[in-house]
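Asker: Pasting a structure here, questions to come.
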Amino acid sequence: MNADEIGKTAAAITSLIPGPWGILATLVASEGIPFVDHLIQNSKNNTPVTPDAWLDLRAKAKTPFQDL
Amino acid sequence: MSRGGGGDLSNRATGRGLICLTGVLAVALVLPIVSCSSTAPPDRVAYTTIDDAVTGVQAAVRGYKLHCGVPQGAQGPGTCTSVEYEKAIKAYKAFQDVADSAVDLASKGGPTPLDIVAKAAQAAISVLRDLK
């Protein structure tokens, strides 16, 4: 599920469920889905790690606090 | 409905923070076990564990910043106190040091203390979760 689809899902949830529960459901869709997707993708990948991937991970780990 | 009002914004920030932190806790506790029991090569296991720990802690940081009303890329504590905000920065930096060392070791093919990475992630998340 890409960012557009997540956005559409979140908007649909908000329109279907008004109030704080809708907001919480939206948050689950916007935060939870990408998070779980990340875990699934990682768990499915059993190939050796490339040097570029290590560099990318290092850069990700070094992301400054203010940029998050 | 007072969408965008103070109450809803508060609910949104609190809810988002809770979601981030809950997900992060799940990752920090469950993922190392799952990844270590898989048939992936050791470097992939290390990569996955470190990557998920980093993702989890960064999600917790985002949740905390949202709680404080600090937009992405902005500096300053927002509605949180400077003391608390500094604690959050310090906790994140402490985790970053561990993650960086772990990446260094793992990328060279050496043994990597993944349990320490998981513990560092949990420690950072605990600090972020308990901040006001």
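By convention in this document, the chains of the structure tokens carry letters A, B, ... by their order, each chain's residues are numbered from 1, and ligands are numbered from 1 in the order they are shown.
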Output the contact residues of chain A with respect to chain B at a cut-off of 7 Å, based on only C-alpha atoms, as a PDB file with N, CA and C atoms, in the first residue's frame.

Answerer:
```
ATOM      1  N   GLY A  19     -15.623  11.774  14.985  1.00  0.00           N
ATOM      2  CA  GLY A  19     -15.198  11.942  16.372  1.00  0.00           C
ATOM      3  C   GLY A  19     -13.850  11.327  16.683  1.00  0.00           C
ATOM      4  N   PRO A  20     -13.531  11.251  17.961  1.00  0.00           N
ATOM      5  CA  PRO A  20     -12.208  10.767  18.381  1.00  0.00           C
ATOM      6  C   PRO A  20     -11.886   9.354  17.914  1.00  0.00           C
ATOM      7  N   ILE A  23     -10.651   9.522  14.513  1.00  0.00           N
ATOM      8  CA  ILE A  23      -9.276  10.035  14.489  1.00  0.00           C
ATOM      9  C   ILE A  23      -8.295   8.918  14.866  1.00  0.00           C
ATOM     10  N   LEU A  24      -8.646   8.179  15.901  1.00  0.00           N
ATOM     11  CA  LEU A  24      -7.754   7.081  16.301  1.00  0.00           C
ATOM     12  C   LEU A  24      -7.645   6.026  15.198  1.00  0.00           C
ATOM     13  N   LEU A  27      -5.401   7.264  12.605  1.00  0.00           N
ATOM     14  CA  LEU A  27      -4.003   7.184  13.014  1.00  0.00           C
ATOM     15  C   LEU A  27      -3.459   5.763  12.856  1.00  0.00           C
ATOM     16  N   VAL A  28      -4.312   4.798  13.162  1.00  0.00           N
ATOM     17  CA  VAL A  28      -3.884   3.410  12.978  1.00  0.00           C
ATOM     18  C   VAL A  28      -3.573   3.165  11.504  1.00  0.00           C
ATOM     19  N   ASN A  42      10.646  -6.566   5.542  1.00  0.00           N
ATOM     20  CA  ASN A  42      11.931  -6.964   6.111  1.00  0.00           C
ATOM     21  C   ASN A  42      11.988  -8.456   6.380  1.00  0.00           C
ATOM     22  N   ASN A  46      15.355 -12.377   2.543  1.00  0.00           N
ATOM     23  CA  ASN A  46      16.404 -13.235   3.095  1.00  0.00           C
ATOM     24  C   ASN A  46      17.683 -13.189   2.270  1.00  0.00           C
ATOM     25  N   THR A  47      17.823 -12.169   1.419  1.00  0.00           N
ATOM     26  CA  THR A  47      19.014 -12.075   0.588  1.00  0.00           C
ATOM     27  C   THR A  47      20.142 -11.402   1.373  1.00  0.00           C
ATOM     28  N   PRO A  48      21.402 -11.654   0.983  1.00  0.00           N
ATOM     29  CA  PRO A  48      22.521 -10.975   1.648  1.00  0.00           C
ATOM     30  C   PRO A  48      22.414  -9.460   1.479  1.00  0.00           C
ATOM     31  N   VAL A  49      22.956  -8.733   2.429  1.00  0.00           N
ATOM     32  CA  VAL A  49      22.853  -7.270   2.428  1.00  0.00           C
ATOM     33  C   VAL A  49      23.963  -6.676   1.555  1.00  0.00           C
ATOM     34  N   TRP A  54      23.877  -1.138   3.535  1.00  0.00           N
ATOM     35  CA  TRP A  54      24.474  -0.791   4.831  1.00  0.00           C
ATOM     36  C   TRP A  54      24.664   0.721   4.936  1.00  0.00           C
ATOM     37  N   LEU A  57      21.395   2.295   5.615  1.00  0.00           N
ATOM     38  CA  LEU A  57      20.960   2.085   7.004  1.00  0.00           C
ATOM     39  C   LEU A  57      21.725   2.999   7.950  1.00  0.00           C
ATOM     40  N   ARG A  58      23.026   3.158   7.669  1.00  0.00           N
ATOM     41  CA  ARG A  58      23.827   4.061   8.515  1.00  0.00           C
ATOM     42  C   ARG A  58      23.282   5.485   8.427  1.00  0.00           C
ATOM     43  N   ALA A  61      20.119   5.736  10.388  1.00  0.00           N
ATOM     44  CA  ALA A  61      20.363   5.756  11.839  1.00  0.00           C
ATOM     45  C   ALA A  61      20.903   7.100  12.300  1.00  0.00           C
ATOM     46  N   LYS A  62      21.568   7.809  11.392  1.00  0.00           N
ATOM     47  CA  LYS A  62      22.154   9.102  11.758  1.00  0.00           C
ATOM     48  C   LYS A  62      21.191  10.269  11.564  1.00  0.00           C
ATOM     49  N   PHE A  65      17.635  14.378  15.212  1.00  0.00           N
ATOM     50  CA  PHE A  65      16.374  14.446  15.966  1.00  0.00           C
ATOM     51  C   PHE A  65      15.411  15.441  15.317  1.00  0.00           C
ATOM     52  N   GLN A  66      15.924  16.604  14.951  1.00  0.00           N
ATOM     53  CA  GLN A  66      15.021  17.643  14.427  1.00  0.00           C
ATOM     54  C   GLN A  66      14.445  17.303  13.061  1.00  0.00           C
ATOM     55  N   ASP A  67      15.071  16.365  12.343  1.00  0.00           N
ATOM     56  CA  ASP A  67      14.570  15.991  11.016  1.00  0.00           C
ATOM     57  C   ASP A  67      13.471  14.940  11.077  1.00  0.00           C
ATOM     58  N   LEU A  68      13.222  14.397  12.259  1.00  0.00           N
ATOM     59  CA  LEU A  68      12.196  13.346  12.374  1.00  0.00           C
ATOM     60  C   LEU A  68      10.818  13.953  12.540  1.00  0.00           C
TER      61      LEU A  68
END
```

Asker: May I ask for the distance between atom CA of B:Gln122 and atom CA of A:Pro64, given in Å to one decimal place?

Answerer: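 Taking atom CA of B:Gln122 and atom CA of A:Pro64, their separation equals 19.0 Å.
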
Asker: Excluding B:Tyr85 and its own-chain neighbours fewer than 5 positions away, which residues fall within 10 Å of it when counting only C-alpha atoms? Please give them as a PyMOL selection string.

Answerer: chain B and resi 64-65+68+76-80+90-91+128+131-132
